[in-house]
$ cat target.txt   # compact mmCIF, N, CA and C atoms
# COMPACT_ATOMS: atom_id res chain seq x y z
N MET I 20 -9.23 0.34 36.42
CA MET I 20 -8.65 -0.85 35.81
C MET I 20 -8.19 -0.54 34.39
N VAL I 21 -9.02 0.15 33.62
CA VAL I 21 -8.66 0.49 32.25
C VAL I 21 -7.47 1.44 32.23
N LEU I 22 -7.45 2.39 33.19
CA LEU I 22 -6.35 3.33 33.26
C LEU I 22 -5.04 2.61 33.56
N GLN I 23 -5.08 1.60 34.41
CA GLN I 23 -3.88 0.82 34.72
C GLN I 23 -3.37 0.11 33.47
N LYS I 24 -4.28 -0.44 32.66
CA LYS I 24 -3.88 -1.12 31.43
C LYS I 24 -3.23 -0.14 30.46
N LYS I 25 -3.75 1.09 30.40
CA LYS I 25 -3.17 2.11 29.54
C LYS I 25 -1.75 2.45 29.98
N LYS I 26 -1.58 2.60 31.28
CA LYS I 26 -0.26 2.93 31.80
C LYS I 26 0.73 1.80 31.55
N ILE I 27 0.28 0.59 31.74
CA ILE I 27 1.15 -0.56 31.51
C ILE I 27 1.51 -0.66 30.03
N LEU I 28 0.54 -0.45 29.14
CA LEU I 28 0.81 -0.49 27.71
C LEU I 28 1.82 0.58 27.32
N LEU I 29 1.64 1.78 27.81
CA LEU I 29 2.56 2.86 27.49
C LEU I 29 3.96 2.56 28.03
N LEU I 30 4.04 2.02 29.23
CA LEU I 30 5.33 1.66 29.80
C LEU I 30 6.00 0.57 28.98
N LEU I 31 5.24 -0.42 28.55
CA LEU I 31 5.81 -1.48 27.72
C LEU I 31 6.29 -0.96 26.38
N ILE I 32 5.54 -0.03 25.79
CA ILE I 32 5.96 0.57 24.52
C ILE I 32 7.25 1.34 24.71
N MET I 33 7.34 2.09 25.79
CA MET I 33 8.56 2.86 26.05
C MET I 33 9.76 1.95 26.30
N ILE I 34 9.56 0.89 27.06
CA ILE I 34 10.66 -0.05 27.33
C ILE I 34 11.10 -0.74 26.05
N LEU I 35 10.14 -1.17 25.24
CA LEU I 35 10.46 -1.82 23.97
C LEU I 35 11.21 -0.86 23.05
N SER I 36 10.78 0.39 23.03
CA SER I 36 11.46 1.39 22.21
C SER I 36 12.90 1.59 22.67
N LEU I 37 13.12 1.65 23.97
CA LEU I 37 14.48 1.80 24.48
C LEU I 37 15.35 0.59 24.18
N ILE I 38 14.77 -0.60 24.29
CA ILE I 38 15.52 -1.81 23.97
C ILE I 38 15.90 -1.82 22.50
N LEU I 39 14.95 -1.47 21.64
CA LEU I 39 15.24 -1.41 20.21
C LEU I 39 16.31 -0.37 19.90
N LEU I 40 16.28 0.75 20.61
CA LEU I 40 17.29 1.79 20.42
C LEU I 40 18.68 1.26 20.79
N VAL I 41 18.77 0.58 21.92
CA VAL I 41 20.06 0.04 22.37
C VAL I 41 20.57 -1.00 21.37
N VAL I 42 19.69 -1.89 20.92
CA VAL I 42 20.09 -2.90 19.94
C VAL I 42 20.56 -2.24 18.65
N PHE I 43 19.83 -1.23 18.21
CA PHE I 43 20.21 -0.51 16.99
C PHE I 43 21.59 0.13 17.14
N LEU I 44 21.80 0.82 18.25
CA LEU I 44 23.08 1.50 18.46
C LEU I 44 24.24 0.52 18.58
N MET I 45 23.98 -0.68 19.12
CA MET I 45 25.03 -1.66 19.25
C MET I 45 25.45 -2.23 17.90
N HIS I 46 24.51 -2.30 16.96
CA HIS I 46 24.80 -2.92 15.67
C HIS I 46 25.01 -1.92 14.54
N ALA I 47 24.76 -0.68 14.78
CA ALA I 47 24.92 0.33 13.74
C ALA I 47 26.37 0.82 13.71
N ASN I 48 26.77 1.33 12.60
CA ASN I 48 28.10 1.93 12.47
C ASN I 48 28.00 3.40 12.82
N PHE I 49 27.73 3.65 14.07
CA PHE I 49 27.52 5.01 14.54
C PHE I 49 28.84 5.57 15.07
N PRO I 50 29.23 6.76 14.65
CA PRO I 50 30.51 7.32 15.12
C PRO I 50 30.40 7.86 16.55
N TYR I 51 30.55 6.96 17.54
CA TYR I 51 30.40 7.34 18.94
C TYR I 51 31.43 8.38 19.37
N ASN I 52 32.61 8.35 18.76
CA ASN I 52 33.65 9.29 19.16
C ASN I 52 33.26 10.73 18.85
N MET I 53 32.32 10.91 17.93
CA MET I 53 31.86 12.25 17.60
C MET I 53 31.19 12.90 18.83
N VAL I 54 30.47 12.11 19.60
CA VAL I 54 29.80 12.63 20.79
C VAL I 54 30.81 13.05 21.84
N THR I 55 31.89 12.30 21.96
CA THR I 55 32.89 12.62 22.98
C THR I 55 33.65 13.89 22.65
N LYS I 56 33.63 14.33 21.40
CA LYS I 56 34.33 15.55 21.00
C LYS I 56 33.51 16.81 21.27
N LEU I 57 32.24 16.63 21.62
CA LEU I 57 31.40 17.79 21.91
C LEU I 57 31.76 18.38 23.28
N SER I 58 31.64 19.68 23.37
CA SER I 58 31.87 20.31 24.67
C SER I 58 30.68 20.02 25.58
N PRO I 59 30.87 20.06 26.87
CA PRO I 59 29.74 19.84 27.79
C PRO I 59 28.60 20.83 27.55
N PHE I 60 28.94 22.06 27.21
CA PHE I 60 27.89 23.06 26.95
C PHE I 60 27.07 22.68 25.71
N ALA I 61 27.76 22.27 24.64
CA ALA I 61 27.05 21.87 23.42
C ALA I 61 26.16 20.66 23.69
N LEU I 62 26.66 19.71 24.44
CA LEU I 62 25.88 18.52 24.79
C LEU I 62 24.64 18.90 25.61
N LEU I 63 24.82 19.83 26.55
CA LEU I 63 23.70 20.29 27.36
C LEU I 63 22.65 20.99 26.50
N VAL I 64 23.09 21.82 25.55
CA VAL I 64 22.17 22.51 24.66
C VAL I 64 21.39 21.49 23.82
N ILE I 65 22.07 20.49 23.30
CA ILE I 65 21.40 19.45 22.50
C ILE I 65 20.36 18.72 23.33
N ILE I 66 20.71 18.36 24.56
CA ILE I 66 19.77 17.65 25.43
C ILE I 66 18.56 18.54 25.75
N LEU I 67 18.81 19.80 26.07
CA LEU I 67 17.70 20.71 26.38
C LEU I 67 16.79 20.92 25.17
N LEU I 68 17.37 21.06 23.99
CA LEU I 68 16.55 21.23 22.78
C LEU I 68 15.72 19.98 22.48
N THR I 69 16.29 18.82 22.75
CA THR I 69 15.54 17.58 22.56
C THR I 69 14.36 17.50 23.51
N ILE I 70 14.58 17.87 24.76
CA ILE I 70 13.50 17.86 25.75
C ILE I 70 12.42 18.88 25.38
N ILE I 71 12.84 20.08 24.97
CA ILE I 71 11.88 21.11 24.57
C ILE I 71 11.07 20.66 23.36
N SER I 72 11.73 20.02 22.41
CA SER I 72 11.03 19.52 21.23
C SER I 72 9.97 18.48 21.62
N SER I 73 10.32 17.58 22.52
CA SER I 73 9.36 16.57 22.98
C SER I 73 8.21 17.22 23.75
N LEU I 74 8.50 18.23 24.54
CA LEU I 74 7.44 18.94 25.26
C LEU I 74 6.47 19.62 24.29
N ILE I 75 7.02 20.24 23.25
CA ILE I 75 6.17 20.90 22.24
C ILE I 75 5.32 19.86 21.51
N ASN I 76 5.93 18.74 21.13
CA ASN I 76 5.17 17.69 20.45
C ASN I 76 4.10 17.10 21.37
N GLY I 77 4.40 16.97 22.65
CA GLY I 77 3.40 16.49 23.60
C GLY I 77 2.25 17.47 23.73
N TYR I 78 2.58 18.76 23.80
CA TYR I 78 1.53 19.77 23.89
C TYR I 78 0.67 19.75 22.62
N ARG I 79 1.30 19.55 21.47
CA ARG I 79 0.56 19.51 20.21
C ARG I 79 -0.48 18.39 20.23
N THR I 80 -0.11 17.23 20.76
CA THR I 80 -1.07 16.13 20.84
C THR I 80 -2.21 16.47 21.77
N THR I 81 -1.90 17.07 22.92
CA THR I 81 -2.96 17.49 23.85
C THR I 81 -3.86 18.53 23.21
N PHE I 82 -3.27 19.50 22.50
CA PHE I 82 -4.03 20.55 21.85
C PHE I 82 -4.97 19.99 20.79
N PHE I 83 -4.46 19.11 19.93
CA PHE I 83 -5.32 18.54 18.89
C PHE I 83 -6.41 17.67 19.49
N GLY I 84 -6.13 17.03 20.62
CA GLY I 84 -7.17 16.27 21.30
C GLY I 84 -8.30 17.19 21.75
N LYS I 85 -7.94 18.36 22.27
CA LYS I 85 -8.97 19.32 22.70
C LYS I 85 -9.79 19.82 21.52
N VAL I 86 -9.15 19.99 20.37
CA VAL I 86 -9.88 20.44 19.18
C VAL I 86 -11.01 19.47 18.86
N TYR I 87 -10.77 18.18 19.06
CA TYR I 87 -11.77 17.15 18.76
C TYR I 87 -12.51 16.67 20.02
N ASN I 88 -12.46 17.48 21.09
CA ASN I 88 -13.16 17.18 22.34
C ASN I 88 -12.73 15.84 22.95
N ILE I 89 -11.45 15.57 22.88
CA ILE I 89 -10.89 14.37 23.49
C ILE I 89 -9.83 14.82 24.49
N HIS I 90 -10.00 14.42 25.76
CA HIS I 90 -9.04 14.83 26.79
C HIS I 90 -7.88 13.84 26.83
N ILE I 91 -6.71 14.33 26.46
CA ILE I 91 -5.49 13.52 26.53
C ILE I 91 -4.57 14.20 27.54
N PRO I 92 -4.31 13.54 28.66
CA PRO I 92 -3.44 14.17 29.67
C PRO I 92 -2.06 14.48 29.10
N PHE I 93 -1.48 15.58 29.56
CA PHE I 93 -0.18 15.99 29.03
C PHE I 93 0.89 14.94 29.29
N LYS I 94 0.81 14.28 30.43
CA LYS I 94 1.80 13.24 30.76
C LYS I 94 1.80 12.15 29.69
N ASP I 95 0.61 11.71 29.28
CA ASP I 95 0.52 10.71 28.21
C ASP I 95 1.02 11.27 26.89
N SER I 96 0.67 12.52 26.61
CA SER I 96 1.10 13.15 25.36
C SER I 96 2.61 13.26 25.28
N TYR I 97 3.22 13.64 26.39
CA TYR I 97 4.68 13.77 26.42
C TYR I 97 5.35 12.41 26.24
N ALA I 98 4.88 11.40 26.98
CA ALA I 98 5.45 10.06 26.85
C ALA I 98 5.27 9.53 25.43
N LEU I 99 4.14 9.83 24.83
CA LEU I 99 3.88 9.40 23.46
C LEU I 99 4.80 10.12 22.48
N ALA I 100 5.08 11.39 22.72
CA ALA I 100 5.99 12.15 21.87
C ALA I 100 7.40 11.56 21.93
N VAL I 101 7.84 11.20 23.12
CA VAL I 101 9.17 10.59 23.26
C VAL I 101 9.21 9.23 22.58
N SER I 102 8.17 8.42 22.79
CA SER I 102 8.10 7.09 22.16
C SER I 102 8.08 7.21 20.64
N THR I 103 7.35 8.19 20.14
CA THR I 103 7.28 8.41 18.70
C THR I 103 8.65 8.77 18.15
N SER I 104 9.36 9.65 18.83
CA SER I 104 10.69 10.07 18.38
C SER I 104 11.66 8.90 18.35
N VAL I 105 11.65 8.11 19.40
CA VAL I 105 12.55 6.96 19.47
C VAL I 105 12.21 5.95 18.38
N THR I 106 10.92 5.70 18.17
CA THR I 106 10.50 4.77 17.14
C THR I 106 10.89 5.27 15.75
N ASN I 107 10.74 6.56 15.51
CA ASN I 107 11.14 7.13 14.22
C ASN I 107 12.65 7.02 14.02
N PHE I 108 13.40 7.08 15.10
CA PHE I 108 14.86 6.96 15.01
C PHE I 108 15.27 5.54 14.64
N ILE I 109 14.55 4.55 15.19
CA ILE I 109 14.92 3.15 15.01
C ILE I 109 14.36 2.56 13.71
N LEU I 110 13.10 2.82 13.44
CA LEU I 110 12.43 2.19 12.30
C LEU I 110 12.31 3.16 11.13
N PRO I 111 12.19 2.62 9.92
CA PRO I 111 12.12 3.50 8.75
C PRO I 111 10.77 4.20 8.61
N GLY I 112 10.78 5.27 7.83
CA GLY I 112 9.53 5.99 7.56
C GLY I 112 9.01 6.69 8.80
N GLN I 113 7.73 6.87 8.83
CA GLN I 113 7.07 7.51 9.97
C GLN I 113 6.42 6.45 10.85
N SER I 114 7.21 5.46 11.25
CA SER I 114 6.69 4.37 12.08
C SER I 114 6.16 4.88 13.41
N GLY I 115 6.78 5.93 13.93
CA GLY I 115 6.32 6.50 15.19
C GLY I 115 4.92 7.08 15.08
N ALA I 116 4.61 7.65 13.92
CA ALA I 116 3.27 8.19 13.70
C ALA I 116 2.23 7.08 13.70
N VAL I 117 2.59 5.93 13.14
CA VAL I 117 1.68 4.78 13.15
C VAL I 117 1.45 4.32 14.58
N LEU I 118 2.52 4.25 15.36
CA LEU I 118 2.41 3.89 16.78
C LEU I 118 1.51 4.87 17.52
N ARG I 119 1.72 6.16 17.28
CA ARG I 119 0.94 7.20 17.96
C ARG I 119 -0.54 7.10 17.56
N ALA I 120 -0.81 6.89 16.27
CA ALA I 120 -2.20 6.78 15.80
C ALA I 120 -2.90 5.59 16.46
N TYR I 121 -2.21 4.47 16.52
CA TYR I 121 -2.79 3.28 17.13
C TYR I 121 -3.08 3.51 18.61
N TYR I 122 -2.10 4.08 19.32
CA TYR I 122 -2.26 4.31 20.76
C TYR I 122 -3.43 5.27 21.03
N LEU I 123 -3.50 6.35 20.26
CA LEU I 123 -4.58 7.32 20.48
C LEU I 123 -5.95 6.73 20.14
N LYS I 124 -6.02 5.90 19.11
CA LYS I 124 -7.28 5.25 18.74
C LYS I 124 -7.70 4.25 19.83
N LYS I 125 -6.76 3.45 20.26
CA LYS I 125 -7.06 2.40 21.23
C LYS I 125 -7.44 2.96 22.60
N ASN I 126 -6.73 3.99 23.05
CA ASN I 126 -6.92 4.47 24.41
C ASN I 126 -7.84 5.66 24.55
N TYR I 127 -8.01 6.43 23.49
CA TYR I 127 -8.81 7.65 23.60
C TYR I 127 -9.89 7.75 22.53
N GLY I 128 -10.01 6.76 21.66
CA GLY I 128 -11.03 6.80 20.62
C GLY I 128 -10.77 7.87 19.56
N PHE I 129 -9.53 8.28 19.42
CA PHE I 129 -9.13 9.31 18.45
C PHE I 129 -9.11 8.66 17.07
N SER I 130 -10.07 9.01 16.22
CA SER I 130 -10.22 8.32 14.94
C SER I 130 -9.03 8.58 14.02
N TYR I 131 -8.80 7.66 13.10
CA TYR I 131 -7.69 7.79 12.16
C TYR I 131 -7.85 9.01 11.24
N PRO I 132 -9.06 9.30 10.72
CA PRO I 132 -9.19 10.52 9.91
C PRO I 132 -8.85 11.80 10.69
N TYR I 133 -9.24 11.87 11.96
CA TYR I 133 -8.86 13.02 12.78
C TYR I 133 -7.35 13.08 12.93
N PHE I 134 -6.75 11.90 13.17
CA PHE I 134 -5.30 11.85 13.33
C PHE I 134 -4.60 12.33 12.05
N LEU I 135 -5.06 11.86 10.90
CA LEU I 135 -4.46 12.29 9.63
C LEU I 135 -4.63 13.80 9.42
N SER I 136 -5.76 14.33 9.86
CA SER I 136 -5.95 15.78 9.71
C SER I 136 -4.98 16.56 10.61
N THR I 137 -4.63 16.01 11.78
CA THR I 137 -3.66 16.68 12.64
C THR I 137 -2.27 16.67 12.01
N ILE I 138 -1.93 15.57 11.35
CA ILE I 138 -0.64 15.50 10.65
C ILE I 138 -0.63 16.51 9.50
N GLY I 139 -1.73 16.58 8.75
CA GLY I 139 -1.82 17.55 7.66
C GLY I 139 -1.71 18.97 8.16
N ALA I 140 -2.39 19.28 9.26
CA ALA I 140 -2.33 20.64 9.82
C ALA I 140 -0.92 20.97 10.27
N THR I 141 -0.24 19.99 10.86
CA THR I 141 1.14 20.22 11.30
C THR I 141 2.06 20.50 10.12
N PHE I 142 1.90 19.75 9.03
CA PHE I 142 2.74 19.99 7.85
C PHE I 142 2.47 21.36 7.24
N ILE I 143 1.21 21.77 7.23
CA ILE I 143 0.88 23.09 6.68
C ILE I 143 1.52 24.19 7.53
N VAL I 144 1.42 24.07 8.84
CA VAL I 144 2.03 25.07 9.73
C VAL I 144 3.54 25.10 9.53
N ARG I 145 4.16 23.94 9.46
CA ARG I 145 5.61 23.89 9.25
C ARG I 145 6.00 24.53 7.91
N PHE I 146 5.22 24.26 6.88
CA PHE I 146 5.48 24.84 5.57
C PHE I 146 5.38 26.35 5.61
N LEU I 147 4.36 26.87 6.29
CA LEU I 147 4.18 28.32 6.38
C LEU I 147 5.27 28.98 7.21
N ILE I 148 5.77 28.29 8.21
CA ILE I 148 6.83 28.85 9.05
C ILE I 148 8.16 28.88 8.29
N ILE I 149 8.43 27.82 7.58
CA ILE I 149 9.72 27.75 6.85
C ILE I 149 9.62 28.62 5.64
$ encode --input "target.txt" --output "structure tokens"
Amino acid sequence: MVLQKKKILLLLIMILSLILLVVFLMHANFPYNMVTKLSPFALLVIILLTIISSLINGYRTTFFGKVYNIHIPFKDSYALAVSTSVTNFILPGQSGAVLRAYYLKKNYGFSYPYFLSTIGATFIVRFLII
């Protein structure tokens, strides 16, 4: 029963995120013609890179869950990564991170200090790579 509620909540968050994205794109001054000028190969590369990025972010959530002895299924992690990206695209700041923190706390008991430490670790790794 609890698992069903989690799935329904995640589905509702994803649907709401998609609706907000559509509303944003309808009202934003977005240069749609720019997309039509891309070659099919370039568009395919962009789509593949976006999917790979979401897969990596999903794996990162699963990995950090294991560090704190919390099992987060990859399917949930991936869906959460996509929802976070869409939310960050629509809303200002790191709104997607707030959504992710809330979801992980509510559904997996992932504490906010642990969550903040994962964000800090990610920024340190990114800094060292760049």
$ residues_around --input "target.txt" --residues "segment 66-80 of chain I" --least-positions-apart "3" --cutoff "12 Å" --atoms "only C-alpha atoms" --output "PyMOL selection string"
chain I and resi 59-63+83-87+89-105+116+119-120+122-123+127+129+133-134+137-138+140-141+144
$ select_by_dssp --input "target.txt" --residues "segment 33-130 of chain I" --states "alpha helix (DSSP H)" --output "PyMOL selection string"
chain I and resi 33-46+51-55+59-86+93-109+114-127
$ axis_aligned_box --input "target.txt" --around "segment 137-148 of chain I" --padding-each-side "8 Å" --output "JSON"
{"center_x": 1.8, "center_y": 22.2, "center_z": 9.1, "size_x": 28.8, "size_y": 29.5, "size_z": 23.1}
$ closest_residue --input "target.txt" --among "I:Asn126, I:Ser136, I:Asn107, I:Ser58" --to "Lys26 of chain I" --atoms "only C-alpha atoms"
I:Asn126
$ closest_residue --input "target.txt" --among "I:Val117, I:Leu110, I:Leu57, I:Leu135" --to "Ser36 of chain I" --atoms "only C-alpha atoms"
I:Leu110
$ residues_near_point --input "target.txt" --point "(21.8, 5.6, 13.5)" --cutoff "12 Å" --atoms "only C-alpha atoms" --output "PDB file with N, CA and C atoms, in the coordinates of the input"
ATOM      1  N   LEU I  39      14.950  -1.470  21.640  1.00  0.00           N
ATOM      2  CA  LEU I  39      15.240  -1.410  20.210  1.00  0.00           C
ATOM      3  C   LEU I  39      16.310  -0.370  19.900  1.00  0.00           C
ATOM      4  N   LEU I  40      16.280   0.750  20.610  1.00  0.00           N
ATOM      5  CA  LEU I  40      17.290   1.790  20.420  1.00  0.00           C
ATOM      6  C   LEU I  40      18.680   1.260  20.790  1.00  0.00           C
ATOM      7  N   VAL I  41      18.770   0.580  21.920  1.00  0.00           N
ATOM      8  CA  VAL I  41      20.060   0.040  22.370  1.00  0.00           C
ATOM      9  C   VAL I  41      20.570  -1.000  21.370  1.00  0.00           C
ATOM     10  N   VAL I  42      19.690  -1.890  20.920  1.00  0.00           N
ATOM     11  CA  VAL I  42      20.090  -2.900  19.940  1.00  0.00           C
ATOM     12  C   VAL I  42      20.560  -2.240  18.650  1.00  0.00           C
ATOM     13  N   PHE I  43      19.830  -1.230  18.210  1.00  0.00           N
ATOM     14  CA  PHE I  43      20.210  -0.510  16.990  1.00  0.00           C
ATOM     15  C   PHE I  43      21.590   0.130  17.140  1.00  0.00           C
ATOM     16  N   LEU I  44      21.800   0.820  18.250  1.00  0.00           N
ATOM     17  CA  LEU I  44      23.080   1.500  18.460  1.00  0.00           C
ATOM     18  C   LEU I  44      24.240   0.520  18.580  1.00  0.00           C
ATOM     19  N   MET I  45      23.980  -0.680  19.120  1.00  0.00           N
ATOM     20  CA  MET I  45      25.030  -1.660  19.250  1.00  0.00           C
ATOM     21  C   MET I  45      25.450  -2.230  17.900  1.00  0.00           C
ATOM     22  N   HIS I  46      24.510  -2.300  16.960  1.00  0.00           N
ATOM     23  CA  HIS I  46      24.800  -2.920  15.670  1.00  0.00           C
ATOM     24  C   HIS I  46      25.010  -1.920  14.540  1.00  0.00           C
ATOM     25  N   ALA I  47      24.760  -0.680  14.780  1.00  0.00           N
ATOM     26  CA  ALA I  47      24.920   0.330  13.740  1.00  0.00           C
ATOM     27  C   ALA I  47      26.370   0.820  13.710  1.00  0.00           C
ATOM     28  N   ASN I  48      26.770   1.330  12.600  1.00  0.00           N
ATOM     29  CA  ASN I  48      28.100   1.930  12.470  1.00  0.00           C
ATOM     30  C   ASN I  48      28.000   3.400  12.820  1.00  0.00           C
ATOM     31  N   PHE I  49      27.730   3.650  14.070  1.00  0.00           N
ATOM     32  CA  PHE I  49      27.520   5.010  14.540  1.00  0.00           C
ATOM     33  C   PHE I  49      28.840   5.570  15.070  1.00  0.00           C
ATOM     34  N   PRO I  50      29.230   6.760  14.650  1.00  0.00           N
ATOM     35  CA  PRO I  50      30.510   7.320  15.120  1.00  0.00           C
ATOM     36  C   PRO I  50      30.400   7.860  16.550  1.00  0.00           C
ATOM     37  N   TYR I  51      30.550   6.960  17.540  1.00  0.00           N
ATOM     38  CA  TYR I  51      30.400   7.340  18.940  1.00  0.00           C
ATOM     39  C   TYR I  51      31.430   8.380  19.370  1.00  0.00           C
ATOM     40  N   VAL I 105      11.650   8.110  19.400  1.00  0.00           N
ATOM     41  CA  VAL I 105      12.550   6.960  19.470  1.00  0.00           C
ATOM     42  C   VAL I 105      12.210   5.950  18.380  1.00  0.00           C
ATOM     43  N   THR I 106      10.920   5.700  18.170  1.00  0.00           N
ATOM     44  CA  THR I 106      10.500   4.770  17.140  1.00  0.00           C
ATOM     45  C   THR I 106      10.890   5.270  15.750  1.00  0.00           C
ATOM     46  N   ASN I 107      10.740   6.560  15.510  1.00  0.00           N
ATOM     47  CA  ASN I 107      11.140   7.130  14.220  1.00  0.00           C
ATOM     48  C   ASN I 107      12.650   7.020  14.020  1.00  0.00           C
ATOM     49  N   PHE I 108      13.400   7.080  15.100  1.00  0.00           N
ATOM     50  CA  PHE I 108      14.860   6.960  15.010  1.00  0.00           C
ATOM     51  C   PHE I 108      15.270   5.540  14.640  1.00  0.00           C
ATOM     52  N   ILE I 109      14.550   4.550  15.190  1.00  0.00           N
ATOM     53  CA  ILE I 109      14.920   3.150  15.010  1.00  0.00           C
ATOM     54  C   ILE I 109      14.360   2.560  13.710  1.00  0.00           C
ATOM     55  N   LEU I 110      13.100   2.820  13.440  1.00  0.00           N
ATOM     56  CA  LEU I 110      12.430   2.190  12.300  1.00  0.00           C
ATOM     57  C   LEU I 110      12.310   3.160  11.130  1.00  0.00           C
ATOM     58  N   PRO I 111      12.190   2.620   9.920  1.00  0.00           N
ATOM     59  CA  PRO I 111      12.120   3.500   8.750  1.00  0.00           C
ATOM     60  C   PRO I 111      10.770   4.200   8.610  1.00  0.00           C
TER      61      PRO I 111
END
$ atom_distance --input "target.txt" --atom1 "atom N of Ile32 of chain I" --atom2 "atom C of Met53 of chain I"
29.6 Å
$ atom_distance --input "target.txt" --atom1 "atom CA of Ile34 of chain I" --atom2 "atom CA of Val64 of chain I"
25.5 Å
$ atom_distance --input "target.txt" --atom1 "atom CA of Gly139 of chain I" --atom2 "atom CA of Met33 of chain I"
25.7 Å
$ build_atoms --input "target.txt" --residues "segment 105-117 of chain I" --atoms "N, CA, C and O atoms" --output "CSV table (one decimal), keeping the file's coordinate frame"
chain,number,residue,atom,x,y,z
I,105,VAL,N,11.6,8.1,19.4
I,105,VAL,CA,12.6,7.0,19.5
I,105,VAL,C,12.2,6.0,18.4
I,105,VAL,O,13.1,5.4,17.7
I,106,THR,N,10.9,5.7,18.2
I,106,THR,CA,10.5,4.8,17.1
I,106,THR,C,10.9,5.3,15.8
I,106,THR,O,11.3,4.5,14.9
I,107,ASN,N,10.7,6.6,15.5
I,107,ASN,CA,11.1,7.1,14.2
I,107,ASN,C,12.6,7.0,14.0
I,107,ASN,O,13.1,6.9,12.9
I,108,PHE,N,13.4,7.1,15.1
I,108,PHE,CA,14.9,7.0,15.0
I,108,PHE,C,15.3,5.5,14.6
I,108,PHE,O,16.2,5.3,13.9
I,109,ILE,N,14.6,4.6,15.2
I,109,ILE,CA,14.9,3.2,15.0
I,109,ILE,C,14.4,2.6,13.7
I,109,ILE,O,15.1,1.9,13.0
I,110,LEU,N,13.1,2.8,13.4
I,110,LEU,CA,12.4,2.2,12.3
I,110,LEU,C,12.3,3.2,11.1
I,110,LEU,O,12.3,4.4,11.3
I,111,PRO,N,12.2,2.6,9.9
I,111,PRO,CA,12.1,3.5,8.8
I,111,PRO,C,10.8,4.2,8.6
I,111,PRO,O,9.8,3.8,9.2
I,112,GLY,N,10.8,5.3,7.8
I,112,GLY,CA,9.5,6.0,7.6
I,112,GLY,C,9.0,6.7,8.8
I,112,GLY,O,9.7,7.0,9.7
I,113,GLN,N,7.7,6.9,8.8
I,113,GLN,CA,7.1,7.5,10.0
I,113,GLN,C,6.4,6.4,10.8
I,113,GLN,O,5.2,6.5,11.2
I,114,SER,N,7.2,5.5,11.2
I,114,SER,CA,6.7,4.4,12.1
I,114,SER,C,6.2,4.9,13.4
I,114,SER,O,5.2,4.3,14.0
I,115,GLY,N,6.8,5.9,13.9
I,115,GLY,CA,6.3,6.5,15.2
I,115,GLY,C,4.9,7.1,15.1
I,115,GLY,O,4.1,7.0,16.0
I,116,ALA,N,4.6,7.6,13.9
I,116,ALA,CA,3.3,8.2,13.7
I,116,ALA,C,2.2,7.1,13.7
I,116,ALA,O,1.1,7.2,14.2
I,117,VAL,N,2.6,5.9,13.1
I,117,VAL,CA,1.7,4.8,13.2
I,117,VAL,C,1.4,4.3,14.6
I,117,VAL,O,0.3,4.1,15.0
